[in-house]
$ cat my_file-v6.csv   # CSV, C-alpha atoms
chain,number,residue,atom,x,y,z
A,15,MET,CA,-136.1,52.3,173.2
A,16,LYS,CA,-138.0,52.6,176.4
A,17,THR,CA,-136.4,51.5,179.7
A,18,GLU,CA,-138.1,50.2,182.9
A,19,ASN,CA,-137.9,53.6,184.2
A,20,ASP,CA,-140.2,55.2,181.8
A,21,SER,CA,-143.2,53.2,182.9
A,22,LYS,CA,-143.4,53.2,186.7
A,23,LYS,CA,-142.9,56.6,188.3
A,24,THR,CA,-145.2,56.1,191.2
A,25,ARG,CA,-143.2,56.6,194.3
A,26,LEU,CA,-141.0,59.4,195.3
A,27,ARG,CA,-137.9,58.1,197.0
A,28,HIS,CA,-136.0,60.2,199.6
A,29,LEU,CA,-132.6,58.7,200.2
A,30,VAL,CA,-130.5,59.8,203.1
A,31,LEU,CA,-126.9,58.7,203.8
A,32,PHE,CA,-125.1,59.4,207.0
A,33,LYS,CA,-121.4,59.4,208.0
A,34,PHE,CA,-121.1,59.9,211.7
A,35,ASN,CA,-118.3,61.8,213.4
A,36,GLU,CA,-115.3,59.6,214.3
A,37,GLY,CA,-115.3,58.3,217.8
A,38,ILE,CA,-119.1,58.7,218.2
A,39,ASP,CA,-120.5,56.5,220.9
A,40,ILE,CA,-122.4,53.5,219.6
A,41,SER,CA,-125.3,54.3,221.9
A,42,ILE,CA,-125.8,57.6,220.1
A,43,ILE,CA,-125.9,55.8,216.7
A,44,ARG,CA,-128.5,53.4,218.1
A,45,GLU,CA,-130.5,56.4,219.3
A,46,ILE,CA,-130.3,58.1,215.9
A,47,GLU,CA,-131.4,54.9,214.2
A,48,LYS,CA,-134.3,54.6,216.6
A,49,ARG,CA,-135.4,58.2,216.2
A,50,PHE,CA,-135.2,58.1,212.4
A,51,ALA,CA,-137.3,54.9,212.3
A,52,LEU,CA,-139.8,56.5,214.6
A,53,LEU,CA,-140.4,59.4,212.2
A,54,LYS,CA,-142.4,57.0,210.0
A,55,HIS,CA,-144.9,56.6,212.8
A,56,GLU,CA,-144.8,60.2,213.9
A,57,ILE,CA,-145.2,61.7,210.4
A,58,THR,CA,-147.9,60.0,208.4
A,59,LEU,CA,-146.7,61.6,205.2
A,60,VAL,CA,-144.0,59.0,205.2
A,61,LYS,CA,-145.4,56.1,203.2
A,62,ASP,CA,-142.5,53.7,203.8
A,63,LEU,CA,-139.1,53.7,205.5
A,64,GLU,CA,-136.4,51.1,205.3
A,65,TRP,CA,-132.9,51.5,206.4
A,66,GLY,CA,-129.7,49.5,207.0
A,67,THR,CA,-126.0,49.8,207.5
A,68,ASN,CA,-123.5,49.5,204.7
A,69,ILE,CA,-122.2,46.0,203.9
A,70,SER,CA,-120.7,46.8,200.5
A,71,LYS,CA,-117.2,45.5,200.0
A,72,GLU,CA,-116.4,47.6,197.0
A,73,GLY,CA,-114.9,50.5,199.0
A,74,LEU,CA,-117.0,53.1,197.2
A,75,SER,CA,-119.3,54.1,200.1
A,76,ASN,CA,-117.6,57.6,200.5
A,77,GLY,CA,-117.5,56.9,204.2
A,78,PHE,CA,-121.3,56.6,204.5
A,79,THR,CA,-122.3,53.9,206.9
A,80,HIS,CA,-126.1,54.3,207.1
A,81,CYS,CA,-128.8,54.4,204.4
A,82,PHE,CA,-132.4,55.5,205.1
A,83,MET,CA,-134.8,55.2,202.2
A,84,LEU,CA,-138.1,57.0,202.7
A,85,SER,CA,-141.0,57.0,200.2
A,86,PHE,CA,-143.6,59.7,199.6
A,87,GLU,CA,-146.7,60.0,197.5
A,88,ASP,CA,-145.5,63.2,195.9
A,89,GLU,CA,-143.2,66.2,196.2
A,90,LYS,CA,-145.8,68.1,198.2
A,91,ASP,CA,-145.7,65.5,200.9
A,92,ARG,CA,-141.9,65.4,200.8
A,93,ASP,CA,-141.8,69.1,201.2
A,94,ALA,CA,-144.2,69.0,204.2
A,95,TYR,CA,-142.0,66.3,205.8
A,96,ILE,CA,-138.9,68.4,205.4
A,97,ILE,CA,-140.4,71.3,207.4
A,98,HIS,CA,-142.4,69.1,209.8
A,99,PRO,CA,-141.6,69.9,213.4
A,100,LYS,CA,-140.8,66.3,214.3
A,101,HIS,CA,-138.4,66.1,211.4
A,102,GLN,CA,-136.8,69.4,212.3
A,103,MET,CA,-136.4,68.2,215.9
A,104,PHE,CA,-134.6,65.1,214.6
A,105,VAL,CA,-132.4,67.2,212.3
A,106,ALA,CA,-131.4,69.4,215.2
A,107,PHE,CA,-130.6,66.4,217.3
A,108,ILE,CA,-128.4,64.6,214.9
A,109,LYS,CA,-126.5,67.7,213.6
A,110,ALA,CA,-123.8,67.5,216.3
A,111,TYR,CA,-123.0,63.8,215.4
A,112,LEU,CA,-122.8,64.0,211.7
A,113,ASP,CA,-119.6,64.2,209.7
A,114,LYS,CA,-121.6,64.4,206.5
A,115,ALA,CA,-124.9,63.5,204.9
A,116,CYS,CA,-126.1,62.9,201.4
A,117,VAL,CA,-129.7,63.4,200.3
A,118,VAL,CA,-131.0,62.3,196.9
A,119,ASP,CA,-134.6,62.2,195.9
A,120,TYR,CA,-135.9,60.5,192.8
A,121,TRP,CA,-139.1,59.2,191.2
A,122,ALA,CA,-139.1,55.5,191.1
B,3,MET,CA,-137.5,48.9,221.9
B,4,LYS,CA,-137.6,47.2,218.5
B,5,THR,CA,-137.7,49.3,215.4
B,6,GLU,CA,-139.1,48.5,212.0
B,7,ASN,CA,-135.7,47.5,210.9
B,8,ASP,CA,-135.4,44.5,213.2
B,9,SER,CA,-138.2,42.5,211.6
B,10,LYS,CA,-137.9,42.6,207.8
B,11,LYS,CA,-134.4,41.9,206.5
B,12,THR,CA,-135.4,40.2,203.3
B,13,ARG,CA,-133.9,42.2,200.5
B,14,LEU,CA,-130.3,43.2,199.9
B,15,ARG,CA,-130.3,46.7,198.4
B,16,HIS,CA,-127.4,47.8,196.3
B,17,LEU,CA,-127.5,51.6,195.9
B,18,VAL,CA,-125.4,53.3,193.3
B,19,LEU,CA,-125.0,57.1,192.9
B,20,PHE,CA,-123.4,58.8,190.0
B,21,LYS,CA,-121.9,62.2,189.4
B,22,PHE,CA,-120.9,62.5,185.8
B,23,ASN,CA,-118.0,64.6,184.5
B,24,GLU,CA,-118.7,68.2,183.8
B,25,GLY,CA,-119.7,68.9,180.2
B,26,ILE,CA,-120.6,65.3,179.5
B,27,ASP,CA,-122.9,65.0,176.5
B,28,ILE,CA,-126.5,64.3,177.4
B,29,SER,CA,-126.5,61.5,174.8
B,30,ILE,CA,-123.8,59.7,176.8
B,31,ILE,CA,-125.9,60.0,180.0
B,32,ARG,CA,-128.9,58.6,178.2
B,33,GLU,CA,-126.8,55.7,177.0
B,34,ILE,CA,-125.5,55.0,180.5
B,35,GLU,CA,-129.1,55.1,181.9
B,36,LYS,CA,-130.2,52.7,179.2
B,37,ARG,CA,-127.3,50.3,179.7
B,38,PHE,CA,-127.7,50.3,183.5
B,39,ALA,CA,-131.5,49.6,183.1
B,40,LEU,CA,-130.7,46.7,180.7
B,41,LEU,CA,-128.5,45.0,183.3
B,42,LYS,CA,-131.6,43.9,185.1
B,43,HIS,CA,-132.6,41.9,182.0
B,44,GLU,CA,-129.1,40.7,181.2
B,45,ILE,CA,-128.3,39.5,184.7
B,46,THR,CA,-131.1,37.5,186.2
B,47,LEU,CA,-129.4,37.8,189.7
B,48,VAL,CA,-130.8,41.3,189.8
B,49,LYS,CA,-134.3,40.9,191.4
B,50,ASP,CA,-135.3,44.6,191.0
B,51,LEU,CA,-133.9,47.8,189.6
B,52,GLU,CA,-135.3,51.2,189.9
B,53,TRP,CA,-133.6,54.5,189.1
B,54,GLY,CA,-134.1,58.2,188.8
B,55,THR,CA,-132.5,61.6,188.7
B,56,ASN,CA,-132.1,63.8,191.7
B,57,ILE,CA,-134.9,66.2,192.4
B,58,SER,CA,-134.0,67.1,196.0
B,59,LYS,CA,-134.0,70.8,196.8
B,60,GLU,CA,-132.1,70.5,200.0
B,61,GLY,CA,-128.7,70.9,198.4
B,62,LEU,CA,-127.2,67.9,200.1
B,63,SER,CA,-126.8,65.6,197.0
B,64,ASN,CA,-123.0,65.9,197.1
B,65,GLY,CA,-123.1,66.5,193.4
B,66,PHE,CA,-124.8,63.1,192.7
B,67,THR,CA,-127.4,63.4,190.0
B,68,HIS,CA,-128.4,59.7,189.4
B,69,CYS,CA,-129.6,57.0,191.8
B,70,PHE,CA,-129.8,53.3,190.8
B,71,MET,CA,-131.3,51.0,193.4
B,72,LEU,CA,-130.8,47.3,192.7
B,73,SER,CA,-132.2,44.5,194.9
B,74,PHE,CA,-130.6,41.0,195.4
B,75,GLU,CA,-131.7,37.9,197.2
B,76,ASP,CA,-128.5,37.7,199.1
B,77,GLU,CA,-124.8,38.6,199.3
B,78,LYS,CA,-123.8,35.7,197.1
B,79,ASP,CA,-126.0,37.0,194.2
B,80,ARG,CA,-124.7,40.5,194.8
B,81,ASP,CA,-121.1,39.3,194.7
B,82,ALA,CA,-121.8,37.3,191.5
B,83,TYR,CA,-123.4,40.4,189.9
B,84,ILE,CA,-120.3,42.5,190.7
B,85,ILE,CA,-118.0,40.1,188.8
B,86,HIS,CA,-120.5,39.3,186.1
B,87,PRO,CA,-119.0,40.0,182.6
B,88,LYS,CA,-122.0,42.1,181.6
B,89,HIS,CA,-121.6,44.3,184.7
B,90,GLN,CA,-117.9,44.5,184.2
B,91,MET,CA,-118.4,45.6,180.6
B,92,PHE,CA,-120.8,48.3,181.9
B,93,VAL,CA,-118.3,49.5,184.5
B,94,ALA,CA,-115.5,49.7,181.9
B,95,PHE,CA,-117.8,51.7,179.6
B,96,ILE,CA,-118.9,54.3,182.2
B,97,LYS,CA,-115.5,54.8,183.9
B,98,ALA,CA,-114.4,57.6,181.5
B,99,TYR,CA,-117.6,59.6,182.1
B,100,LEU,CA,-117.8,59.4,185.9
B,101,ASP,CA,-116.6,62.2,188.2
B,102,LYS,CA,-117.5,60.0,191.2
B,103,ALA,CA,-119.7,57.2,192.3
B,104,CYS,CA,-121.1,56.1,195.7
B,105,VAL,CA,-122.1,52.5,196.4
B,106,VAL,CA,-123.8,51.5,199.6
B,107,ASP,CA,-125.4,48.0,200.2
B,108,TYR,CA,-127.8,47.3,203.1
B,109,TRP,CA,-130.3,44.7,204.2
B,110,ALA,CA,-133.8,46.2,204.1
$ encode --input "my_file-v6.csv" --output "structure tokens"
Amino acid sequence: MKTENDSKKTRLRHLVLFKFNEGIDISIIREIEKRFALLKHEITLVKDLEWGTNISKEGLSNGFTHCFMLSFEDEKDRDAYIIHPKHQMFVAFIKAYLDKACVVDYWA
Amino acid sequence: MKTENDSKKTRLRHLVLFKFNEGIDISIIREIEKRFALLKHEITLVKDLEWGTNISKEGLSNGFTHCFMLSFEDEKDRDAYIIHPKHQMFVAFIKAYLDKACVVDYWA
């Protein structure tokens, strides 16, 4: 039996979850949110970006509070995004504030 | 400064990541994928479901191999989905096969 998933593999999702260090200043979190959202405009390879903060009540978030969902045309664009100087600058900026991150990419 | 995120909060995303037990039979994984995809048809509260397997090369997946992204109209529908008998049956079925799960909900 075919499932939904077999028929529409047209977008490459790049999912990023953040758990920030304990005691981090809220202004830093706002700055990280802003800079991540800006990447969509600074790097045209990013076809879509949506993000939000966790509101699940199931207690299964593994401590992750922020979810950023980027979409790419293909793996080539995703790879170019990863090494893009603007993205690398962003990664360097957030490093000190992250307890942990989770990155999962999949074809949707 | 306003970011993208301020203007379009219209869909409630329900993100589910799975890491299966080591040595799990591939036929069980296929069955879980199929049953999860079927939930969209069995529970009309689910407005959209997309899923895929991790192809990130960054090594930050925290062991998660499967991502399922469900969309709901609102938190009321999401809550009704969580306790829906079909969903509960699915949860009962997969429990024995899961090493860990991660669930993050956010407004996109």
$ interface_residues --input "my_file-v6.csv" --of "chain B" --to "chain A" --cutoff "8 Å" --atoms "only C-alpha atoms" --output "JSON, numbers by chain"
{"B": [5, 6, 7, 16, 36, 39, 40, 52, 53, 54, 55, 56, 57, 58, 60, 61, 62, 63, 64, 66, 67, 69, 103, 104, 105, 106, 107, 108, 109, 110]}
$ atom_distance --input "my_file-v6.csv" --atom1 "atom CA of B:Ile34" --atom2 "atom CA of B:Ala94"
11.4 Å
$ atom_distance --input "my_file-v6.csv" --atom1 "atom CA of A:Gly37" --atom2 "atom CA of B:Phe20"
29.0 Å
$ closest_residue --input "my_file-v6.csv" --among "A:Leu53, A:Ile40, A:Val60, A:Leu112" --to "A:Phe86" --atoms "only C-alpha atoms"
A:Val60
$ atom_distance --input "my_file-v6.csv" --atom1 "atom CA of B:Glu75" --atom2 "atom CA of B:Gln90"
20.1 Å
$ closest_residue --input "my_file-v6.csv" --among "A:Glu56, A:Ile42, A:Asp88, A:Ala110" --to "A:Arg25" --atoms "only C-alpha atoms"
A:Asp88
$ closest_residue --input "my_file-v6.csv" --among "A:Leu59, A:Leu84, A:Ile97, A:Ile43" --to "A:Tyr111" --atoms "only C-alpha atoms"
A:Ile43
$ build_atoms --input "my_file-v6.csv" --residues "stretch 35-46 of chain A" --atoms "all heavy atoms" --output "PDB file, keeping the file's coordinate frame"
ATOM      1  N   ASN A  35    -119.610  61.299 212.961  1.00  0.00           N
ATOM      2  CA  ASN A  35    -118.300  61.800 213.400  1.00  0.00           C
ATOM      3  C   ASN A  35    -117.482  60.587 213.935  1.00  0.00           C
ATOM      4  O   ASN A  35    -118.032  59.651 214.533  1.00  0.00           O
ATOM      5  CB  ASN A  35    -118.452  62.787 214.537  1.00  0.00           C
ATOM      6  CG  ASN A  35    -119.022  64.094 214.037  1.00  0.00           C
ATOM      7  OD1 ASN A  35    -118.838  64.456 212.881  1.00  0.00           O
ATOM      8  ND2 ASN A  35    -119.736  64.794 214.908  1.00  0.00           N
ATOM      9  N   GLU A  36    -116.181  60.682 213.752  1.00  0.00           N
ATOM     10  CA  GLU A  36    -115.300  59.600 214.300  1.00  0.00           C
ATOM     11  C   GLU A  36    -115.391  59.597 215.789  1.00  0.00           C
ATOM     12  O   GLU A  36    -115.526  60.648 216.435  1.00  0.00           O
ATOM     13  CB  GLU A  36    -113.858  59.917 213.834  1.00  0.00           C
ATOM     14  CG  GLU A  36    -113.178  58.668 213.297  1.00  0.00           C
ATOM     15  CD  GLU A  36    -112.044  58.990 212.347  1.00  0.00           C
ATOM     16  OE1 GLU A  36    -112.326  59.598 211.291  1.00  0.00           O
ATOM     17  OE2 GLU A  36    -110.912  58.623 212.662  1.00  0.00           O
ATOM     18  N   GLY A  37    -115.360  58.402 216.337  1.00  0.00           N
ATOM     19  CA  GLY A  37    -115.300  58.300 217.800  1.00  0.00           C
ATOM     20  C   GLY A  37    -116.709  58.394 218.436  1.00  0.00           C
ATOM     21  O   GLY A  37    -116.830  58.387 219.665  1.00  0.00           O
ATOM     22  N   ILE A  38    -117.750  58.530 217.629  1.00  0.00           N
ATOM     23  CA  ILE A  38    -119.100  58.700 218.200  1.00  0.00           C
ATOM     24  C   ILE A  38    -119.464  57.403 218.978  1.00  0.00           C
ATOM     25  O   ILE A  38    -119.111  56.285 218.586  1.00  0.00           O
ATOM     26  CB  ILE A  38    -120.146  58.916 217.058  1.00  0.00           C
ATOM     27  CG1 ILE A  38    -121.539  59.191 217.637  1.00  0.00           C
ATOM     28  CG2 ILE A  38    -120.202  57.740 216.106  1.00  0.00           C
ATOM     29  CD1 ILE A  38    -122.588  59.549 216.572  1.00  0.00           C
ATOM     30  N   ASP A  39    -120.147  57.619 220.081  1.00  0.00           N
ATOM     31  CA  ASP A  39    -120.500  56.500 220.900  1.00  0.00           C
ATOM     32  C   ASP A  39    -121.629  55.676 220.211  1.00  0.00           C
ATOM     33  O   ASP A  39    -122.559  56.238 219.631  1.00  0.00           O
ATOM     34  CB  ASP A  39    -121.072  57.012 222.261  1.00  0.00           C
ATOM     35  CG  ASP A  39    -121.096  55.926 223.323  1.00  0.00           C
ATOM     36  OD1 ASP A  39    -122.053  55.115 223.312  1.00  0.00           O
ATOM     37  OD2 ASP A  39    -120.159  55.877 224.143  1.00  0.00           O
ATOM     38  N   ILE A  40    -121.495  54.372 220.286  1.00  0.00           N
ATOM     39  CA  ILE A  40    -122.400  53.500 219.600  1.00  0.00           C
ATOM     40  C   ILE A  40    -123.868  53.691 220.111  1.00  0.00           C
ATOM     41  O   ILE A  40    -124.837  53.550 219.350  1.00  0.00           O
ATOM     42  CB  ILE A  40    -122.014  51.994 219.721  1.00  0.00           C
ATOM     43  CG1 ILE A  40    -122.873  51.081 218.840  1.00  0.00           C
ATOM     44  CG2 ILE A  40    -122.036  51.532 221.169  1.00  0.00           C
ATOM     45  CD1 ILE A  40    -122.620  51.225 217.358  1.00  0.00           C
ATOM     46  N   SER A  41    -123.999  54.091 221.358  1.00  0.00           N
ATOM     47  CA  SER A  41    -125.300  54.300 221.900  1.00  0.00           C
ATOM     48  C   SER A  41    -126.027  55.508 221.242  1.00  0.00           C
ATOM     49  O   SER A  41    -127.252  55.536 221.092  1.00  0.00           O
ATOM     50  CB  SER A  41    -125.275  54.526 223.436  1.00  0.00           C
ATOM     51  OG  SER A  41    -124.579  55.725 223.734  1.00  0.00           O
ATOM     52  N   ILE A  42    -125.231  56.469 220.834  1.00  0.00           N
ATOM     53  CA  ILE A  42    -125.800  57.600 220.100  1.00  0.00           C
ATOM     54  C   ILE A  42    -126.279  57.175 218.722  1.00  0.00           C
ATOM     55  O   ILE A  42    -127.359  57.569 218.259  1.00  0.00           O
ATOM     56  CB  ILE A  42    -124.731  58.748 219.928  1.00  0.00           C
ATOM     57  CG1 ILE A  42    -124.211  59.250 221.273  1.00  0.00           C
ATOM     58  CG2 ILE A  42    -125.316  59.899 219.098  1.00  0.00           C
ATOM     59  CD1 ILE A  42    -125.194  60.112 222.031  1.00  0.00           C
ATOM     60  N   ILE A  43    -125.470  56.339 218.065  1.00  0.00           N
ATOM     61  CA  ILE A  43    -125.900  55.800 216.700  1.00  0.00           C
ATOM     62  C   ILE A  43    -127.187  55.049 216.876  1.00  0.00           C
ATOM     63  O   ILE A  43    -128.104  55.224 216.076  1.00  0.00           O
ATOM     64  CB  ILE A  43    -124.762  54.948 216.135  1.00  0.00           C
ATOM     65  CG1 ILE A  43    -123.530  55.809 215.834  1.00  0.00           C
ATOM     66  CG2 ILE A  43    -125.254  54.247 214.873  1.00  0.00           C
ATOM     67  CD1 ILE A  43    -122.352  55.039 215.238  1.00  0.00           C
ATOM     68  N   ARG A  44    -127.271  54.200 217.903  1.00  0.00           N
ATOM     69  CA  ARG A  44    -128.500  53.400 218.100  1.00  0.00           C
ATOM     70  C   ARG A  44    -129.708  54.363 218.322  1.00  0.00           C
ATOM     71  O   ARG A  44    -130.814  54.111 217.844  1.00  0.00           O
ATOM     72  CB  ARG A  44    -128.369  52.500 219.337  1.00  0.00           C
ATOM     73  CG  ARG A  44    -127.446  51.298 219.160  1.00  0.00           C
ATOM     74  CD  ARG A  44    -127.938  50.267 218.152  1.00  0.00           C
ATOM     75  NE  ARG A  44    -127.263  50.420 216.850  1.00  0.00           N
ATOM     76  CZ  ARG A  44    -126.075  49.911 216.539  1.00  0.00           C
ATOM     77  NH1 ARG A  44    -125.399  49.199 217.418  1.00  0.00           N
ATOM     78  NH2 ARG A  44    -125.544  50.103 215.343  1.00  0.00           N
ATOM     79  N   GLU A  45    -129.467  55.436 219.075  1.00  0.00           N
ATOM     80  CA  GLU A  45    -130.500  56.400 219.300  1.00  0.00           C
ATOM     81  C   GLU A  45    -130.973  57.108 218.059  1.00  0.00           C
ATOM     82  O   GLU A  45    -132.183  57.292 217.830  1.00  0.00           O
ATOM     83  CB  GLU A  45    -130.033  57.441 220.371  1.00  0.00           C
ATOM     84  CG  GLU A  45    -131.048  58.503 220.773  1.00  0.00           C
ATOM     85  CD  GLU A  45    -132.236  57.954 221.565  1.00  0.00           C
ATOM     86  OE1 GLU A  45    -132.104  56.851 222.139  1.00  0.00           O
ATOM     87  OE2 GLU A  45    -133.297  58.623 221.584  1.00  0.00           O
ATOM     88  N   ILE A  46    -130.021  57.451 217.205  1.00  0.00           N
ATOM     89  CA  ILE A  46    -130.300  58.100 215.900  1.00  0.00           C
ATOM     90  C   ILE A  46    -131.119  57.154 215.023  1.00  0.00           C
ATOM     91  O   ILE A  46    -132.118  57.540 214.401  1.00  0.00           O
ATOM     92  CB  ILE A  46    -129.050  58.620 215.237  1.00  0.00           C
ATOM     93  CG1 ILE A  46    -128.470  59.798 216.031  1.00  0.00           C
ATOM     94  CG2 ILE A  46    -129.311  59.008 213.780  1.00  0.00           C
ATOM     95  CD1 ILE A  46    -127.073  60.233 215.608  1.00  0.00           C
TER      96      ILE A  46
END
